[in-house]
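**Q** If it helps, the file is called structure.json and holds JSON, C-alpha atoms:
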[["chain", "number", "residue", "atom", "x", "y", "z"],
["A", 1, "LYS", "CA", 1.07, 15.49, -8.62],
["A", 2, "GLN", "CA", -1.47, 12.76, -7.96],
["A", 3, "GLU", "CA", -3.63, 13.24, -4.88],
["A", 4, "VAL", "CA", -6.05, 10.68, -3.48],
["A", 5, "THR", "CA", -8.85, 11.62, -1.10],
["A", 6, "GLN", "CA", -11.12, 9.29, 0.85],
["A", 7, "ILE", "CA", -14.36, 10.47, 2.36],
["A", 8, "PRO", "CA", -15.55, 10.00, 5.02],
["A", 9, "ALA", "CA", -12.53, 9.58, 7.29],
["A", 10, "ALA", "CA", -14.59, 7.46, 9.67],
["A", 11, "LEU", "CA", -17.91, 5.67, 9.46],
["A", 12, "SER", "CA", -19.96, 3.77, 12.02],
["A", 13, "VAL", "CA", -22.90, 1.59, 10.96],
["A", 14, "PRO", "CA", -25.09, -1.09, 12.52],
["A", 15, "GLU", "CA", -24.57, -4.69, 11.45],
["A", 16, "GLY", "CA", -26.41, -5.68, 8.29],
["A", 17, "GLU", "CA", -26.34, -2.26, 6.68],
["A", 18, "ASN", "CA", -25.11, -1.75, 3.13],
["A", 19, "LEU", "CA", -22.52, 1.00, 2.78],
["A", 20, "VAL", "CA", -20.40, 2.88, 0.27],
["A", 21, "LEU", "CA", -16.86, 4.16, 0.69],
["A", 22, "ASN", "CA", -15.57, 6.84, -1.64],
["A", 23, "CYS", "CA", -12.18, 7.48, -3.22],
["A", 24, "SER", "CA", -11.29, 10.34, -5.55],
["A", 25, "PHE", "CA", -8.06, 11.04, -7.42],
["A", 26, "THR", "CA", -6.86, 14.10, -9.30],
["A", 27, "ASP", "CA", -4.97, 12.63, -12.28],
["A", 28, "SER", "CA", -6.90, 10.20, -14.47],
["A", 29, "ALA", "CA", -3.73, 8.82, -16.13],
["A", 30, "ILE", "CA", -3.66, 5.66, -14.03],
["A", 31, "TYR", "CA", -2.95, 2.01, -14.73],
["A", 32, "ASN", "CA", -5.24, 0.68, -12.05],
["A", 33, "LEU", "CA", -6.91, 1.30, -8.71],
["A", 34, "GLN", "CA", -6.72, -1.09, -5.80],
["A", 35, "TRP", "CA", -8.75, -1.32, -2.59],
["A", 36, "PHE", "CA", -7.18, -2.66, 0.61],
["A", 37, "ARG", "CA", -8.21, -3.24, 4.18],
["A", 38, "GLN", "CA", -5.88, -2.73, 7.11],
["A", 39, "ASP", "CA", -6.41, -3.97, 10.63],
["A", 40, "PRO", "CA", -4.75, -1.95, 13.43],
["A", 41, "GLY", "CA", -0.96, -2.26, 13.39],
["A", 42, "LYS", "CA", -1.04, -4.78, 10.54],
["A", 43, "GLY", "CA", -0.14, -4.88, 6.88],
["A", 44, "LEU", "CA", -2.57, -4.33, 4.03],
["A", 45, "THR", "CA", -4.85, -7.01, 2.60],
["A", 46, "SER", "CA", -5.79, -6.66, -1.05],
["A", 47, "LEU", "CA", -9.54, -6.63, -1.66],
["A", 48, "LEU", "CA", -10.07, -5.70, -5.30],
["A", 49, "LEU", "CA", -8.01, -4.48, -8.24],
["A", 50, "ILE", "CA", -9.63, -2.58, -11.11],
["A", 51, "GLN", "CA", -7.58, -2.06, -14.26],
["A", 52, "SER", "CA", -7.95, 1.31, -15.98],
["A", 53, "SER", "CA", -9.95, -0.28, -18.81],
["A", 54, "GLN", "CA", -12.48, -1.83, -16.41],
["A", 55, "ARG", "CA", -15.54, -0.32, -14.79],
["A", 56, "GLU", "CA", -16.02, -2.60, -11.82],
["A", 57, "GLN", "CA", -14.90, -5.69, -9.95],
["A", 58, "THR", "CA", -16.77, -7.90, -7.53],
["A", 59, "SER", "CA", -15.68, -10.29, -4.82],
["A", 60, "GLY", "CA", -18.28, -11.78, -2.52],
["A", 61, "ARG", "CA", -20.04, -8.95, -0.67],
["A", 62, "LEU", "CA", -17.69, -6.35, -2.13],
["A", 63, "ASN", "CA", -18.13, -4.40, -5.33],
["A", 64, "ALA", "CA", -15.75, -1.71, -6.51],
["A", 65, "SER", "CA", -16.43, 0.68, -9.37],
["A", 66, "LEU", "CA", -14.11, 2.98, -11.29],
["A", 67, "ASP", "CA", -14.96, 6.12, -13.23],
["A", 68, "LYS", "CA", -11.58, 7.21, -14.52],
["A", 69, "SER", "CA", -12.83, 10.28, -16.36],
["A", 70, "SER", "CA", -14.29, 11.80, -13.20],
["A", 71, "GLY", "CA", -11.49, 10.50, -10.97],
["A", 72, "ARG", "CA", -13.72, 8.49, -8.69],
["A", 73, "SER", "CA", -14.05, 5.00, -7.27],
["A", 74, "THR", "CA", -16.50, 3.52, -4.81],
["A", 75, "LEU", "CA", -16.33, 0.41, -2.67],
["A", 76, "TYR", "CA", -19.73, -1.05, -1.89],
["A", 77, "ILE", "CA", -20.00, -3.44, 1.06],
["A", 78, "ALA", "CA", -23.24, -5.41, 1.30],
["A", 79, "ALA", "CA", -24.72, -6.71, 4.53],
["A", 80, "SER", "CA", -21.91, -5.42, 6.73],
["A", 81, "GLN", "CA", -20.61, -7.57, 9.60],
["A", 82, "PRO", "CA", -18.56, -6.71, 12.71],
["A", 83, "GLY", "CA", -15.61, -8.52, 11.09],
["A", 84, "ASP", "CA", -15.64, -5.87, 8.37],
["A", 85, "SER", "CA", -14.43, -3.30, 10.92],
["A", 86, "ALA", "CA", -11.08, -2.03, 9.67],
["A", 87, "THR", "CA", -9.51, 0.84, 7.79],
["A", 88, "TYR", "CA", -10.15, 0.74, 4.06],
["A", 89, "LEU", "CA", -7.56, 2.28, 1.76],
["A", 90, "CYS", "CA", -7.60, 2.95, -1.94],
["A", 91, "ALA", "CA", -4.48, 3.35, -4.07],
["A", 92, "VAL", "CA", -3.94, 4.37, -7.68],
["A", 93, "VAL", "CA", -0.96, 3.20, -9.71],
["A", 94, "ALA", "CA", 0.45, 5.66, -12.24],
["A", 95, "ASN", "CA", 3.68, 5.96, -14.20],
["A", 96, "ALA", "CA", 6.66, 3.82, -13.24],
["A", 97, "GLY", "CA", 4.53, 1.81, -10.86],
["A", 98, "LYS", "CA", 4.24, 4.64, -8.35],
["A", 99, "SER", "CA", 1.30, 4.04, -6.04],
["A", 100, "THR", "CA", -0.52, 6.89, -4.33],
["A", 101, "PHE", "CA", -2.71, 6.06, -1.35],
["A", 102, "GLY", "CA", -5.51, 7.88, 0.34],
["A", 103, "ASP", "CA", -5.53, 8.19, 4.12],
["A", 104, "GLY", "CA", -8.33, 5.67, 4.43],
["A", 105, "THR", "CA", -11.81, 5.35, 5.87],
["A", 106, "THR", "CA", -12.04, 3.71, 9.28],
["A", 107, "LEU", "CA", -15.16, 1.58, 9.39],
["A", 108, "THR", "CA", -16.81, 0.35, 12.57],
["A", 109, "VAL", "CA", -19.68, -2.13, 12.27],
["A", 110, "LYS", "CA", -21.65, -2.41, 15.51],
["A", 111, "PRO", "CA", -23.28, -5.74, 16.44],
["B", 112, "GLU", "CA", 2.75, -20.49, -1.72],
["B", 113, "THR", "CA", 4.68, -18.32, 0.74],
["B", 114, "GLY", "CA", 3.40, -14.82, 1.36],
["B", 115, "VAL", "CA", 5.39, -11.63, 1.79],
["B", 116, "THR", "CA", 7.51, -11.61, 4.94],
["B", 117, "GLN", "CA", 9.39, -8.79, 6.61],
["B", 118, "SER", "CA", 12.03, -8.63, 9.32],
["B", 119, "PRO", "CA", 12.41, -7.50, 11.95],
["B", 120, "THR", "CA", 8.92, -6.94, 13.33],
["B", 121, "HIS", "CA", 9.94, -4.08, 15.59],
["B", 122, "LEU", "CA", 13.07, -1.99, 15.82],
["B", 123, "ILE", "CA", 14.23, 0.82, 18.09],
["B", 124, "LYS", "CA", 17.07, 3.08, 16.99],
["B", 125, "THR", "CA", 18.48, 6.41, 18.04],
["B", 126, "ARG", "CA", 18.77, 9.52, 15.93],
["B", 127, "GLY", "CA", 21.72, 9.44, 13.54],
["B", 128, "GLN", "CA", 21.96, 5.66, 13.36],
["B", 129, "GLN", "CA", 21.47, 3.53, 10.28],
["B", 130, "VAL", "CA", 18.91, 0.75, 9.79],
["B", 131, "THR", "CA", 18.33, -2.09, 7.33],
["B", 132, "LEU", "CA", 14.90, -3.62, 6.85],
["B", 133, "ARG", "CA", 14.33, -6.81, 4.90],
["B", 134, "CYS", "CA", 11.55, -8.17, 2.73],
["B", 135, "SER", "CA", 11.01, -11.53, 1.08],
["B", 136, "SER", "CA", 8.62, -11.31, -1.81],
["B", 137, "GLN", "CA", 5.87, -13.75, -2.60],
["B", 138, "SER", "CA", 7.05, -16.76, -4.57],
["B", 139, "GLY", "CA", 7.48, -15.94, -8.26],
["B", 140, "HIS", "CA", 7.05, -12.17, -7.89],
["B", 141, "ASN", "CA", 9.74, -9.96, -9.44],
["B", 142, "THR", "CA", 8.65, -6.52, -8.24],
["B", 143, "VAL", "CA", 9.00, -5.11, -4.75],
["B", 144, "SER", "CA", 7.74, -1.74, -3.52],
["B", 145, "TRP", "CA", 8.51, -0.07, -0.20],
["B", 146, "TYR", "CA", 6.21, 2.26, 1.70],
["B", 147, "GLN", "CA", 6.36, 4.39, 4.84],
["B", 148, "GLN", "CA", 3.17, 4.69, 6.86],
["B", 149, "ALA", "CA", 2.88, 7.24, 9.63],
["B", 150, "LEU", "CA", 0.17, 6.78, 12.25],
["B", 151, "GLY", "CA", -3.27, 7.66, 10.93],
["B", 152, "GLN", "CA", -2.10, 8.17, 7.36],
["B", 153, "GLY", "CA", -1.99, 6.15, 4.18],
["B", 154, "PRO", "CA", 1.26, 4.54, 3.03],
["B", 155, "GLN", "CA", 3.70, 6.82, 1.20],
["B", 156, "PHE", "CA", 5.59, 5.32, -1.76],
["B", 157, "ILE", "CA", 9.36, 5.22, -1.21],
["B", 158, "PHE", "CA", 10.57, 3.29, -4.25],
["B", 159, "GLN", "CA", 10.03, 0.21, -6.36],
["B", 160, "TYR", "CA", 12.42, -2.42, -7.69],
["B", 161, "TYR", "CA", 11.77, -4.50, -10.78],
["B", 162, "ARG", "CA", 14.22, -7.28, -11.60],
["B", 163, "GLU", "CA", 16.94, -5.73, -9.41],
["B", 164, "GLU", "CA", 16.65, -2.22, -10.89],
["B", 165, "GLU", "CA", 14.98, 0.80, -9.29],
["B", 166, "ASN", "CA", 11.79, 1.38, -11.26],
["B", 167, "GLY", "CA", 10.41, 4.50, -9.63],
["B", 168, "ARG", "CA", 10.93, 6.66, -6.57],
["B", 169, "GLY", "CA", 8.73, 8.82, -4.38],
["B", 170, "ASN", "CA", 9.63, 12.05, -2.60],
["B", 171, "PHE", "CA", 12.16, 10.64, -0.17],
["B", 172, "PRO", "CA", 15.73, 11.88, 0.32],
["B", 173, "PRO", "CA", 18.76, 9.87, -0.87],
["B", 174, "ARG", "CA", 19.42, 8.59, 2.64],
["B", 175, "PHE", "CA", 16.61, 6.15, 1.84],
["B", 176, "SER", "CA", 18.14, 3.52, -0.42],
["B", 177, "GLY", "CA", 17.36, 0.00, -1.43],
["B", 178, "LEU", "CA", 18.47, -3.20, -3.07],
["B", 179, "GLN", "CA", 16.78, -6.09, -4.76],
["B", 180, "PHE", "CA", 18.58, -9.42, -4.94],
["B", 181, "PRO", "CA", 18.52, -12.10, -7.67],
["B", 182, "ASN", "CA", 15.94, -14.07, -5.66],
["B", 183, "TYR", "CA", 13.81, -10.86, -5.67],
["B", 184, "SER", "CA", 14.06, -10.31, -1.93],
["B", 185, "SER", "CA", 14.81, -6.72, -1.00],
["B", 186, "GLU", "CA", 16.35, -4.41, 1.57],
["B", 187, "LEU", "CA", 15.50, -0.88, 2.60],
["B", 188, "ASN", "CA", 18.36, 1.09, 4.12],
["B", 189, "VAL", "CA", 17.90, 4.36, 5.96],
["B", 190, "ASN", "CA", 20.95, 6.40, 6.97],
["B", 191, "ALA", "CA", 21.21, 9.25, 9.48],
["B", 192, "LEU", "CA", 17.88, 8.41, 11.12],
["B", 193, "GLU", "CA", 15.64, 11.28, 12.14],
["B", 194, "LEU", "CA", 12.78, 11.31, 14.63],
["B", 195, "ASP", "CA", 10.28, 11.70, 11.78],
["B", 196, "ASP", "CA", 11.44, 8.38, 10.32],
["B", 197, "SER", "CA", 9.46, 6.63, 13.06],
["B", 198, "ALA", "CA", 6.75, 4.76, 11.17],
["B", 199, "LEU", "CA", 5.50, 1.41, 9.94],
["B", 200, "TYR", "CA", 7.54, 0.33, 6.91],
["B", 201, "LEU", "CA", 5.70, -1.90, 4.48],
["B", 202, "CYS", "CA", 6.88, -3.82, 1.50],
["B", 203, "ALA", "CA", 4.69, -5.22, -1.24],
["B", 204, "SER", "CA", 5.44, -7.66, -4.00],
["B", 205, "SER", "CA", 3.66, -8.07, -7.29],
["B", 206, "GLY", "CA", 3.66, -9.68, -10.67],
["B", 207, "ILE", "CA", 5.46, -12.21, -12.73],
["B", 208, "GLY", "CA", 5.43, -10.44, -16.07],
["B", 209, "MET", "CA", 6.60, -7.34, -17.86],
["B", 210, "THR", "CA", 3.73, -5.33, -16.44],
["B", 211, "ALA", "CA", 4.27, -6.53, -12.91],
["B", 212, "TYR", "CA", 3.97, -3.02, -11.52],
["B", 213, "THR", "CA", 0.35, -2.88, -12.64],
["B", 214, "ASP", "CA", -0.59, -6.12, -10.92],
["B", 215, "THR", "CA", -2.13, -6.72, -7.51],
["B", 216, "GLN", "CA", 0.22, -5.78, -4.71],
["B", 217, "TYR", "CA", 0.58, -8.17, -1.80],
["B", 218, "PHE", "CA", 1.79, -6.62, 1.41],
["B", 219, "GLY", "CA", 3.90, -7.93, 4.23],
["B", 220, "PRO", "CA", 3.03, -7.33, 7.89],
["B", 221, "GLY", "CA", 5.45, -4.41, 8.18],
["B", 222, "THR", "CA", 8.34, -3.36, 10.39],
["B", 223, "ARG", "CA", 7.59, -0.86, 13.14],
["B", 224, "LEU", "CA", 10.58, 1.51, 13.45],
["B", 225, "THR", "CA", 10.89, 3.81, 16.43],
["B", 226, "VAL", "CA", 13.60, 6.47, 16.40],
["B", 227, "LEU", "CA", 14.47, 7.99, 19.80]]
Now, as a test, write the supplied structure out as structure tokens.
**A**
Amino acid sequence: KQEVTQIPAALSVPEGENLVLNCSFTDSAIYNLQWFRQDPGKGLTSLLLIQSSQREQTSGRLNASLDKSSGRSTLYIAASQPGDSATYLCAVVANAGKSTFGDGTTLTVKP
Amino acid sequence: ETGVTQSPTHLIKTRGQQVTLRCSSQSGHNTVSWYQQALGQGPQFIFQYYREEENGRGNFPPRFSGLQFPNYSSELNVNALELDDSALYLCASSGIGMTAYTDTQYFGPGTRLTVL
């Protein structure tokens, strides 16, 4: 059974700081890993998708890496801003399209 | 391009009732997945539909059922509601090809279900 863990559960940083969010998964037989952000009470917004054959993806100030063999992914956020405050979720897609999510890291960026 | 929409936004039901939630997928997408998200937790996979057929199912009882229509919109039906069914229900659409389930998932805003 696939399990996804995100550490830390919550993180508070001052504006401008660079930060790393972690995601680990127990079964390396995945098709891809996707990072999302979720604002309170809202749906999920896709940030980055990394296919199993890829090592990293970048979009603006975001960079996500994938090490499938060790079951780990990181989301790097550069020069954080108050607007980055949200819950960040990672999800792995395995057989038959089943997605398994972590419980997220709630990020607060203080002005 | 129209995004993923869900209806209704909020719903209040009593224990034992039945509910139907609806999802319109993003234009051109042929895969829809449904998730249940309890407060403070990540979404839990309920099931996925690909071209009107169930393509995978999570650990949810049979009283959770679904449909996908020829226009790729979808319904989630829950029978015999229990208090623990109170949650945010999310649908996501993806893909236009044979490997649609490996593509980026685009989520709707969700339906907040409260069971009293």
**Q** Show which residues sit within 9 Å of Asn63 in chain A, as a PyMOL selection string. Count all atoms listed in the file, and ignore same-chain residues fewer than 3 positions away.
**A** chain A and resi 48+56-60+74-78
**Q** What residues in chain A lie within 8 Å of chain B, counting all atoms listed in the file, written as a list in words?
**A**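 Putting it all together, I get Tyr31, Asn32, Gln34, Lys42, Gly43, Leu44, Thr45, Ser46, Leu49, Leu89, Val93, Ala96, Gly97, Lys98, Ser99, Thr100, Phe101, Gly102, Asp103 and Gly104 of chain A.
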**Q** Which value, in Å to one decimal, gives the distance between CA of Asn22 in chain A and CA of Ser52 in chain A?
**A**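 Between these atoms lies a distance of 17.2 Å.
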**Q** With 5 Å on each side, where is the centre of the axis-aligned box around all listed atoms of range 76-91 of chain A, and how long are its edges in Å to one decimal, as lines of an AutoDock Vina configuration file?
**A**
center_x = -14.6
center_y = -2.6
center_z = 4.3
size_x = 30.2
size_y = 21.9
size_z = 26.8
**Q** Choose the residue, out of A:Ala86, A:Ala29, A:Leu21, A:Val109, that has the smallest atom-to-atom separation from Gln6 in chain A; count all atoms listed in the file.
**A**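 Smallest separation from Gln6 in chain A among the options: A:Leu21.
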**Q** Please compute the CA of Leu19 in chain A-CA of Ile7 in chain A distance, one decimal, in Å.
**A**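 Taking CA of Leu19 in chain A and CA of Ile7 in chain A, their separation equals 12.5 Å.
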**Q** Kindly give the distance, in Å, that separates CA of Pro111 in chain A and CA of Gly16 in chain A, rounded to a single decimal.
**A**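 CA of Gly16 in chain A lies 8.7 Å from CA of Pro111 in chain A.
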**Q** Which is closer to Pro40 in chain A than all the others in A:Thr87, A:Asn95, A:Ser65, A:Thr105, using only C-alpha atoms?
**A** A:Thr87
**Q** Using all atoms listed in the file, can you list as a list of chain:residue names the residues within 7 Å of (20.8, 0.3, 6.9)?
**A** B:Gln129, B:Val130, B:Thr131, B:Leu187, B:Asn188, B:Val189, B:Asn190
**Q** What's around Leu192 in chain B at 10 Å? Count only C-alpha atoms, leave out sequence neighbours fewer than 5 positions away in its own chain, and write the answer as a ChimeraX atom specification.
**A** /B:124-130,174-175,197,225-227
**Q** Using only C-alpha atoms, which of A:Arg61, A:Arg55, A:Lys1, A:Arg37 sits nearest Ser73 in chain A?
**A**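 So, comparing all the options, the nearest one is A:Arg55.
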**Q** I want to know what sits within 6 Å of Ser135 in chain B, based on all atoms listed in the file, with residues of the same chain fewer than 6 positions away left out; could you give that as a PyMOL selection string?
**A** chain B and resi 115-116+184
**Q** Pick out the closest residue to Ser138 in chain B from this set: B:Tyr183, B:Ser176, B:Asp196, B:Leu224. Count only C-alpha atoms.
**A**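 That would be B:Tyr183, the residue with the smallest distance to Ser138 in chain B.
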**Q** Considering all atoms listed in the file, can you say which of B:Val143, B:Ala198, B:Leu132, B:Ala149 comes closest to Pro119 in chain B?
**A**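 Closest candidate: B:Leu132.
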**Q** Identify which of the residues B:Asn170, B:Asp195, B:Gly206, B:Ser185 lies closest to Ser118 in chain B, counting all atoms listed in the file when measuring atom-to-atom distances.
**A** B:Ser185
